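Asks: The structure is given below, and queries will be raised subsequently.
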Amino acid sequence: MESSESSPELKKSKSKAAPRKSKETPSTLKQKSPAEFFAENKNIAGFDNPGKSLYTTVRELVENSLDSAESISELPVVEITIEEIGKSKFNSMIGLVDRERIDEALYDDYETTKAREKRLAKEARAQEMQAKNISLGKKVKESQPSKGMKGRGEASFYRVTCKDNGKGMPHDDIPNMFGRVLSGTKYGLKQTRGKFGLGAKMALIWSKMSTGLPIEISSSMKGQNYSTFCRLDIDIHRNIPHVHAHEKRDNKERWHGAEIQVVIEGNWTTYRSKILHYMRQMAVITPYAQFLFKFVTDSTDKNVTIRFSRRTDVMPPIPLETKHHPSSVDLLLIKRLITETSKANLLQFLQHEFVNIGKPYAERLIGEMGPDFNPKTAVKSLTSQQIVRIHQLFRQAKFDDPSGDCLSPAGEYNLRLGIIKELHPDMVATYSGSAQVFEGHPFIVEAGVSMGGKDVKQGVNIFRFANRIPLLFEQGADVVTRTALKRINWSSYKINQAQDKIGVFVSIVSTKIPFKGTGKEYIGDDITEIATAVKAAIQQCCIQLKSKIVKKIQAREQQERKRNLSKYIVDATSAVYEVLKEMAHSHASKKKKVADDDEDSELLDKVSDRIITKETLREKLAQHVEKVDYEMAMEYATQSGVSEEPRESIYLQSLEEEADDKNFINLHNPIFVFRLYN
């Protein structure tokens, strides 16, 4: 009986389990090229959407141009043009013939009869409400024509062109520099503007994904009598360049630099303000560069042309490549350094591949590693266990901090000049801190705080820079924002955080910027050394501003006292004169003169003889008030060095003949640079 009852259950369970059985297929191992990875994860490199992609393309090209010009100590001249391309023009560029629609209902922007009736009814109600408001005498906004539905396929395309006067690129290297991801000249331990080392390569990948059009490069190096023209795209799956044209052309003008042109999908409308803010902030941090920005479209009223003029020819030093600090390396890096080193033994390896390890200290380290190590141990023969021992000792041993000589901050002079040039503030203070260290990497924090200015909103306005590039996104979580808004007591510096127009500029340079997030758009608040340095730099600026603000308040109070005294001159004169007249009349009637009162008698006689009148007394009192105010004003001007009279900015241009010879010495000061020509 049990078997007969259990058999149906077994059959039922078998029937349920049967679909789970499937024939296993062997999985195949697949690989992705670096170009394919970034194409699938383009948001990592800042290509989240068409608008952000347009912004990132502009940013990458501008920063490449600045790096190229600075590498040969050439004052940068960068021209950036964004040209809007209509649908018909784009189709002709790719060889596609425009085609009329046949089946309207097939398209995403097709408006059904019901939707059209609903839209018309809404427009009718709006017109009726507008007519009613007009009859009541109320102000009415002009009604805008309703826009039709926009389909998903209606993309906007732009040709982005960037031209510079930089170093240029070698003829044979251009295809790999643009068509091979993770290949370039900026890799190494030094301060660089780039975040991923992708540069224009990501713009090319986005161009291939959105338009399919190749990138065009024209380049010439200094002293070359030819220029290179190259048109190429990238084989994303193989991560190799696909060259359409690569040729040499005459360079009669002896131009040097690069001109890059790429056509991409973008959105100017939504990212217009971001792109213009980026250009303006770049002009603040690089006042020695000249930028010309153009946006060109068929509608001339929408065209934009902005020139950011150069205001100085004092450039920061070129960042130097440095060696790794022992406390900042990991196992993988130690193994790579061992593989790449040209040194034969362990002693030489420690001395020459790391900073702050001299020969005596290297010998002490080797002695601490154990009996298996000696100064003449062949570095290439080290085992994995020995490398781990070296790494452990590096983490535990004490080393001197690396110096900041390899860094290239903007400099107080350039930061101050950039702020004044672009914002025209009422007052500004700057501060440049000394080099500090986090996790074995040196960094320098520079700060500026301004009051008032053009296009500055009330409250605290944050301007962030990392390795001399502006950071515009994800501001709320940044260490600068949190410090400025939460850790600075503005009222203690006579600054009203809510009502005053405050500009806070903080620039951080380092061999390794500790970005957070996939987009690398902000610096985290979790590194104590950086947070402390940022707070200290802003506070130093506030201390400078406080003294200026206090003096300005004192001057304002003096002016107020002068106005109050001047206001009562008439009444005070009348009262004093009436008293003097009464005293003079009494004196004349008594006819008494006392030797001690000769001066008083003389004064009263002058009043009696009308030598001193109410008018002369008023004039003397006004002169006294003016004299006291003038003395106070002179004292204020002497102490502050600031004149309250209207001023006009004057910029001294460089002497072109002497500038070529470089026959001068610069004496730097946070306020100015004094140039002494020999």
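Here, A, B, ... name the chains of the structure tokens in the order displayed, residue numbers run from 1 inside each chain, and ligands are numbered from 1 in the same displayed order.
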Apply DSSP to the structure's backbone, then extract all residues of stretch 94-288 of chain A labelled strand (DSSP E or B) and return them as a short mmCIF file (atom, residue, chain, number, x, y, z; two decimals) with all heavy atoms, in the first residue's frame.
Replies:
```
data_model
loop_
_atom_site.label_atom_id
_atom_site.label_comp_id
_atom_site.auth_asym_id
_atom_site.auth_seq_id
_atom_site.Cartn_x
_atom_site.Cartn_y
_atom_site.Cartn_z
N SER A 156 21.55 66.20 -31.52
CA SER A 156 22.24 67.41 -31.94
C SER A 156 23.72 67.08 -32.08
O SER A 156 24.30 66.40 -31.24
CB SER A 156 22.06 68.52 -30.90
OG SER A 156 20.69 68.84 -30.75
N PHE A 157 24.32 67.59 -33.15
CA PHE A 157 25.72 67.27 -33.44
C PHE A 157 26.54 68.55 -33.48
O PHE A 157 26.05 69.61 -33.88
CB PHE A 157 25.83 66.52 -34.77
CG PHE A 157 25.06 65.23 -34.80
CD1 PHE A 157 23.82 65.17 -35.42
CD2 PHE A 157 25.55 64.10 -34.19
CE1 PHE A 157 23.10 64.00 -35.44
CE2 PHE A 157 24.83 62.92 -34.20
CZ PHE A 157 23.60 62.86 -34.82
N TYR A 158 27.81 68.43 -33.07
CA TYR A 158 28.68 69.60 -32.96
C TYR A 158 30.08 69.23 -33.42
O TYR A 158 30.57 68.12 -33.16
CB TYR A 158 28.74 70.11 -31.52
CG TYR A 158 27.39 70.49 -30.96
CD1 TYR A 158 26.58 69.54 -30.34
CD2 TYR A 158 26.91 71.78 -31.07
CE1 TYR A 158 25.34 69.87 -29.84
CE2 TYR A 158 25.67 72.13 -30.58
CZ TYR A 158 24.89 71.17 -29.97
OH TYR A 158 23.65 71.50 -29.48
N ARG A 159 30.69 70.18 -34.12
CA ARG A 159 32.10 70.03 -34.49
C ARG A 159 32.92 70.84 -33.49
O ARG A 159 32.80 72.05 -33.40
CB ARG A 159 32.35 70.53 -35.91
CG ARG A 159 33.84 70.40 -36.32
CD ARG A 159 34.15 71.06 -37.64
NE ARG A 159 33.67 70.27 -38.76
CZ ARG A 159 32.68 70.63 -39.57
NH1 ARG A 159 32.05 71.80 -39.37
NH2 ARG A 159 32.30 69.87 -40.57
N VAL A 160 33.76 70.15 -32.72
CA VAL A 160 34.60 70.79 -31.71
C VAL A 160 36.02 70.89 -32.26
O VAL A 160 36.62 69.86 -32.64
CB VAL A 160 34.59 70.01 -30.38
CG1 VAL A 160 35.43 70.72 -29.34
CG2 VAL A 160 33.16 69.82 -29.88
N THR A 161 36.55 72.10 -32.30
CA THR A 161 37.90 72.35 -32.81
C THR A 161 38.72 73.05 -31.75
O THR A 161 38.27 74.03 -31.15
CB THR A 161 37.86 73.21 -34.08
OG1 THR A 161 36.97 72.62 -35.04
CG2 THR A 161 39.24 73.35 -34.69
N CYS A 162 39.92 72.55 -31.52
CA CYS A 162 40.82 73.16 -30.53
C CYS A 162 42.19 73.34 -31.17
O CYS A 162 42.78 72.38 -31.69
CB CYS A 162 40.93 72.30 -29.28
SG CYS A 162 41.90 73.05 -27.96
N LYS A 163 42.68 74.57 -31.14
CA LYS A 163 43.99 74.89 -31.73
C LYS A 163 44.86 75.55 -30.68
O LYS A 163 44.40 76.38 -29.91
CB LYS A 163 43.80 75.83 -32.93
CG LYS A 163 45.09 76.13 -33.69
CD LYS A 163 44.81 77.01 -34.89
CE LYS A 163 46.10 77.30 -35.68
NZ LYS A 163 45.84 78.17 -36.85
N ILE A 215 38.42 61.45 -36.38
CA ILE A 215 39.01 62.67 -35.84
C ILE A 215 40.08 63.17 -36.79
O ILE A 215 40.72 62.37 -37.49
CB ILE A 215 39.59 62.40 -34.43
CG1 ILE A 215 39.93 63.71 -33.71
CG2 ILE A 215 40.79 61.49 -34.50
CD1 ILE A 215 40.32 63.50 -32.25
N GLU A 216 40.27 64.50 -36.85
CA GLU A 216 41.28 65.08 -37.73
C GLU A 216 42.29 65.84 -36.88
O GLU A 216 41.92 66.65 -36.03
CB GLU A 216 40.65 66.00 -38.77
CG GLU A 216 39.78 65.26 -39.77
CD GLU A 216 39.24 66.16 -40.86
OE1 GLU A 216 39.48 67.39 -40.79
OE2 GLU A 216 38.57 65.66 -41.79
N ILE A 217 43.58 65.58 -37.14
CA ILE A 217 44.65 66.20 -36.37
C ILE A 217 45.63 66.86 -37.31
O ILE A 217 46.08 66.24 -38.29
CB ILE A 217 45.40 65.17 -35.50
CG1 ILE A 217 44.43 64.39 -34.61
CG2 ILE A 217 46.48 65.84 -34.66
CD1 ILE A 217 44.19 62.97 -35.06
N SER A 218 45.94 68.12 -37.02
CA SER A 218 47.04 68.81 -37.70
C SER A 218 48.05 69.19 -36.62
O SER A 218 47.68 69.73 -35.58
CB SER A 218 46.56 70.06 -38.42
OG SER A 218 45.64 69.71 -39.44
N SER A 219 49.33 68.92 -36.89
CA SER A 219 50.33 69.17 -35.86
C SER A 219 51.67 69.48 -36.50
O SER A 219 52.00 68.99 -37.58
CB SER A 219 50.46 67.96 -34.94
OG SER A 219 51.47 68.15 -33.97
N SER A 220 52.44 70.31 -35.79
CA SER A 220 53.80 70.60 -36.22
C SER A 220 54.62 70.93 -34.99
O SER A 220 54.16 71.65 -34.09
CB SER A 220 53.82 71.78 -37.20
OG SER A 220 55.15 72.06 -37.59
N TYR A 226 57.56 71.24 -41.94
CA TYR A 226 56.36 70.56 -42.41
C TYR A 226 55.38 70.38 -41.25
O TYR A 226 55.76 70.44 -40.08
CB TYR A 226 56.69 69.20 -43.02
CG TYR A 226 57.17 68.17 -42.01
CD1 TYR A 226 56.26 67.34 -41.34
CD2 TYR A 226 58.52 68.04 -41.70
CE1 TYR A 226 56.68 66.42 -40.40
CE2 TYR A 226 58.95 67.12 -40.77
CZ TYR A 226 58.03 66.31 -40.12
OH TYR A 226 58.46 65.39 -39.19
N SER A 227 54.12 70.19 -41.59
CA SER A 227 53.11 69.87 -40.60
C SER A 227 52.50 68.52 -40.96
O SER A 227 52.51 68.11 -42.13
CB SER A 227 52.02 70.94 -40.55
OG SER A 227 51.32 71.00 -41.77
N THR A 228 51.98 67.86 -39.96
CA THR A 228 51.38 66.54 -40.17
C THR A 228 49.87 66.67 -40.17
O THR A 228 49.29 67.35 -39.32
CB THR A 228 51.80 65.58 -39.05
OG1 THR A 228 53.22 65.43 -39.07
CG2 THR A 228 51.14 64.22 -39.22
N PHE A 229 49.24 66.01 -41.15
CA PHE A 229 47.77 65.91 -41.14
C PHE A 229 47.43 64.43 -41.02
O PHE A 229 47.97 63.59 -41.74
CB PHE A 229 47.16 66.47 -42.42
CG PHE A 229 45.67 66.25 -42.51
CD1 PHE A 229 44.79 67.06 -41.79
CD2 PHE A 229 45.15 65.21 -43.28
CE1 PHE A 229 43.42 66.84 -41.85
CE2 PHE A 229 43.79 64.99 -43.35
CZ PHE A 229 42.92 65.81 -42.63
N CYS A 230 46.53 64.14 -40.08
CA CYS A 230 46.14 62.75 -39.85
C CYS A 230 44.64 62.67 -39.63
O CYS A 230 44.08 63.45 -38.84
CB CYS A 230 46.90 62.18 -38.65
SG CYS A 230 46.64 60.40 -38.41
N ARG A 231 43.99 61.77 -40.34
CA ARG A 231 42.56 61.49 -40.13
C ARG A 231 42.46 60.02 -39.74
O ARG A 231 42.91 59.14 -40.48
CB ARG A 231 41.75 61.77 -41.39
CG ARG A 231 40.24 61.57 -41.18
CD ARG A 231 39.45 61.68 -42.48
NE ARG A 231 39.54 63.01 -43.05
CZ ARG A 231 40.15 63.29 -44.19
NH1 ARG A 231 40.76 62.32 -44.87
NH2 ARG A 231 40.18 64.52 -44.67
N LEU A 232 41.86 59.76 -38.58
CA LEU A 232 41.81 58.38 -38.10
C LEU A 232 40.62 58.16 -37.20
O LEU A 232 40.02 59.10 -36.68
CB LEU A 232 43.11 58.02 -37.36
CG LEU A 232 43.47 58.83 -36.10
CD1 LEU A 232 42.87 58.20 -34.85
CD2 LEU A 232 44.97 58.94 -35.95
N ASP A 233 40.27 56.90 -37.02
CA ASP A 233 39.35 56.50 -35.96
C ASP A 233 39.97 55.31 -35.24
O ASP A 233 41.13 54.99 -35.46
CB ASP A 233 37.93 56.22 -36.48
CG ASP A 233 37.89 55.06 -37.46
OD1 ASP A 233 38.85 54.27 -37.48
OD2 ASP A 233 36.90 54.94 -38.20
N ILE A 234 39.21 54.66 -34.39
CA ILE A 234 39.79 53.63 -33.54
C ILE A 234 39.01 52.33 -33.70
O ILE A 234 37.78 52.32 -33.80
CB ILE A 234 39.78 54.09 -32.06
CG1 ILE A 234 40.46 53.06 -31.16
CG2 ILE A 234 38.37 54.38 -31.58
CD1 ILE A 234 40.67 53.56 -29.74
N ASP A 235 39.74 51.25 -33.77
CA ASP A 235 39.14 49.92 -33.74
C ASP A 235 38.93 49.57 -32.27
O ASP A 235 39.87 49.19 -31.57
CB ASP A 235 40.05 48.90 -34.43
CG ASP A 235 39.40 47.53 -34.56
OD1 ASP A 235 38.54 47.19 -33.72
OD2 ASP A 235 39.74 46.79 -35.50
N ILE A 240 43.30 49.51 -31.56
CA ILE A 240 44.36 49.97 -32.46
C ILE A 240 43.79 51.07 -33.34
O ILE A 240 42.58 51.13 -33.58
CB ILE A 240 44.93 48.83 -33.34
CG1 ILE A 240 43.82 48.21 -34.19
CG2 ILE A 240 45.64 47.79 -32.50
CD1 ILE A 240 44.33 47.20 -35.20
N PRO A 241 44.63 51.99 -33.83
CA PRO A 241 44.13 53.06 -34.69
C PRO A 241 43.80 52.56 -36.09
O PRO A 241 44.47 51.65 -36.60
CB PRO A 241 45.30 54.05 -34.71
CG PRO A 241 46.51 53.22 -34.44
CD PRO A 241 46.07 52.12 -33.53
N HIS A 242 42.78 53.16 -36.67
CA HIS A 242 42.43 52.89 -38.07
C HIS A 242 42.66 54.18 -38.83
O HIS A 242 41.88 55.13 -38.74
CB HIS A 242 40.97 52.44 -38.17
CG HIS A 242 40.52 52.19 -39.57
ND1 HIS A 242 39.24 52.43 -40.00
CD2 HIS A 242 41.21 51.75 -40.66
CE1 HIS A 242 39.14 52.14 -41.28
NE2 HIS A 242 40.33 51.72 -41.69
N VAL A 243 43.78 54.23 -39.56
CA VAL A 243 44.23 55.47 -40.20
C VAL A 243 43.60 55.61 -41.58
O VAL A 243 43.74 54.72 -42.42
CB VAL A 243 45.77 55.49 -40.30
CG1 VAL A 243 46.23 56.79 -40.96
CG2 VAL A 243 46.40 55.34 -38.92
N HIS A 244 42.92 56.76 -41.80
CA HIS A 244 42.35 57.08 -43.11
C HIS A 244 43.34 57.87 -43.96
O HIS A 244 43.39 57.71 -45.18
CB HIS A 244 41.06 57.89 -42.95
CG HIS A 244 39.98 57.16 -42.22
ND1 HIS A 244 38.86 56.65 -42.84
CD2 HIS A 244 39.85 56.82 -40.90
CE1 HIS A 244 38.07 56.06 -41.94
NE2 HIS A 244 38.66 56.16 -40.76
N ALA A 245 44.05 58.79 -43.32
CA ALA A 245 45.04 59.60 -44.03
C ALA A 245 46.13 60.01 -43.04
O ALA A 245 45.85 60.31 -41.88
CB ALA A 245 44.39 60.84 -44.63
N HIS A 246 47.38 59.98 -43.52
CA HIS A 246 48.51 60.36 -42.66
C HIS A 246 49.61 60.89 -43.58
O HIS A 246 50.32 60.12 -44.23
CB HIS A 246 49.00 59.15 -41.87
CG HIS A 246 49.97 59.50 -40.79
ND1 HIS A 246 50.79 58.57 -40.19
CD2 HIS A 246 50.26 60.69 -40.19
CE1 HIS A 246 51.53 59.17 -39.27
NE2 HIS A 246 51.23 60.44 -39.26
N GLU A 247 49.74 62.21 -43.64
CA GLU A 247 50.63 62.80 -44.62
C GLU A 247 51.31 64.04 -44.06
O GLU A 247 50.87 64.64 -43.09
CB GLU A 247 49.84 63.18 -45.88
CG GLU A 247 48.71 64.18 -45.61
CD GLU A 247 47.78 64.34 -46.79
OE1 GLU A 247 47.67 63.37 -47.58
OE2 GLU A 247 47.16 65.41 -46.92
N LYS A 248 52.41 64.42 -44.74
CA LYS A 248 53.14 65.63 -44.39
C LYS A 248 52.77 66.74 -45.36
O LYS A 248 52.63 66.51 -46.55
CB LYS A 248 54.64 65.37 -44.43
CG LYS A 248 55.14 64.38 -43.38
CD LYS A 248 56.64 64.19 -43.47
CE LYS A 248 57.13 63.21 -42.40
NZ LYS A 248 58.60 63.01 -42.47
N ARG A 249 52.63 67.95 -44.83
CA ARG A 249 52.28 69.11 -45.64
C ARG A 249 53.27 70.24 -45.36
O ARG A 249 53.93 70.27 -44.32
CB ARG A 249 50.84 69.56 -45.33
CG ARG A 249 49.78 68.53 -45.67
CD ARG A 249 48.40 69.03 -45.30
NE ARG A 249 47.36 68.08 -45.70
CZ ARG A 249 46.05 68.25 -45.48
NH1 ARG A 249 45.63 69.33 -44.82
NH2 ARG A 249 45.18 67.35 -45.89
N ASP A 250 53.32 71.19 -46.30
CA ASP A 250 54.22 72.34 -46.13
C ASP A 250 53.80 73.18 -44.93
O ASP A 250 52.62 73.38 -44.68
CB ASP A 250 54.22 73.20 -47.39
CG ASP A 250 54.92 72.50 -48.56
OD1 ASP A 250 55.75 71.62 -48.29
OD2 ASP A 250 54.62 72.84 -49.72
N GLY A 257 52.38 73.55 -32.89
CA GLY A 257 51.24 73.28 -32.02
C GLY A 257 50.40 72.17 -32.60
O GLY A 257 50.89 71.32 -33.36
N ALA A 258 49.14 72.17 -32.24
CA ALA A 258 48.22 71.13 -32.72
C ALA A 258 46.84 71.72 -32.92
O ALA A 258 46.44 72.66 -32.21
CB ALA A 258 48.17 69.96 -31.73
N GLU A 259 46.13 71.20 -33.88
CA GLU A 259 44.73 71.55 -34.12
C GLU A 259 43.95 70.25 -34.26
O GLU A 259 44.23 69.44 -35.13
CB GLU A 259 44.57 72.41 -35.37
CG GLU A 259 43.12 72.83 -35.62
CD GLU A 259 42.98 73.76 -36.81
OE1 GLU A 259 44.00 74.06 -37.47
OE2 GLU A 259 41.85 74.20 -37.08
N ILE A 260 42.99 70.06 -33.37
CA ILE A 260 42.22 68.81 -33.31
C ILE A 260 40.77 69.12 -33.59
O ILE A 260 40.20 70.08 -33.03
CB ILE A 260 42.38 68.13 -31.93
CG1 ILE A 260 43.85 67.82 -31.67
CG2 ILE A 260 41.54 66.86 -31.85
CD1 ILE A 260 44.14 67.37 -30.26
N GLN A 261 40.16 68.32 -34.45
CA GLN A 261 38.77 68.55 -34.84
C GLN A 261 38.02 67.22 -34.75
O GLN A 261 38.45 66.21 -35.31
CB GLN A 261 38.72 69.09 -36.27
CG GLN A 261 37.36 69.55 -36.72
CD GLN A 261 37.42 70.16 -38.11
OE1 GLN A 261 37.04 69.53 -39.10
NE2 GLN A 261 37.91 71.39 -38.20
N VAL A 262 36.91 67.24 -34.02
CA VAL A 262 36.12 66.03 -33.83
C VAL A 262 34.64 66.39 -33.87
O VAL A 262 34.23 67.45 -33.38
CB VAL A 262 36.50 65.33 -32.50
CG1 VAL A 262 36.23 66.24 -31.31
CG2 VAL A 262 35.80 64.00 -32.34
N VAL A 263 33.82 65.53 -34.49
CA VAL A 263 32.38 65.73 -34.58
C VAL A 263 31.71 64.73 -33.65
O VAL A 263 31.92 63.51 -33.77
CB VAL A 263 31.87 65.55 -36.03
CG1 VAL A 263 30.35 65.74 -36.09
CG2 VAL A 263 32.57 66.53 -36.96
N ILE A 264 30.91 65.24 -32.71
CA ILE A 264 30.27 64.38 -31.71
C ILE A 264 28.81 64.78 -31.52
O ILE A 264 28.39 65.87 -31.92
CB ILE A 264 31.00 64.48 -30.35
CG1 ILE A 264 30.95 65.93 -29.83
CG2 ILE A 264 32.41 63.96 -30.44
CD1 ILE A 264 31.46 66.10 -28.42
N GLU A 265 28.06 63.89 -30.91
CA GLU A 265 26.71 64.24 -30.46
C GLU A 265 26.85 64.99 -29.14
O GLU A 265 27.67 64.64 -28.29
CB GLU A 265 25.86 62.99 -30.27
CG GLU A 265 24.43 63.29 -29.83
CD GLU A 265 23.62 62.03 -29.53
OE1 GLU A 265 24.11 60.93 -29.83
OE2 GLU A 265 22.51 62.18 -28.98
N GLY A 266 26.04 66.03 -28.95
CA GLY A 266 26.12 66.81 -27.72
C GLY A 266 24.83 67.53 -27.43
O GLY A 266 23.82 67.33 -28.12
#
```
Asks: May I have a table of the residues of stretch 380-473 of chain A lying at most 10 Å from stretch 335-347 of chain A, giving each one's closest pair of atoms and their distance in Å to one decimal, counting only C-alpha atoms, ordered by chain and ascending residue number, as CSV?
Replies:
```
residue,atom,partner,partner_atom,distance
A:Lys380,CA,A:Ile338,CA,6.5
A:Ser381,CA,A:Asn345,CA,9.4
A:Leu382,CA,A:Ile338,CA,8.8
A:Ser384,CA,A:Lys335,CA,8.8
A:Ile387,CA,A:Lys335,CA,7.5
A:Val388,CA,A:Lys335,CA,9.8
```
Asks: Rank A:Gln351, A:Ser53, A:Gln475, A:Ser450 by their smallest atom-to-atom distance to A:Arg364, using only C-alpha atoms, and report the top residue only.
Replies: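 Nearest candidate to A:Arg364 out of A:Gln351, A:Ser53, A:Gln475, A:Ser450: A:Gln351.
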Asks: Compare A:Asn663, A:Gln497, A:Ser309, A:Ser434 by their minimum atom-to-atom distance to A:Met451, counting only C-alpha atoms, and give me the closest one.
Replies: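 Looking at the shortest contact to A:Met451, the residue is A:Gln497.
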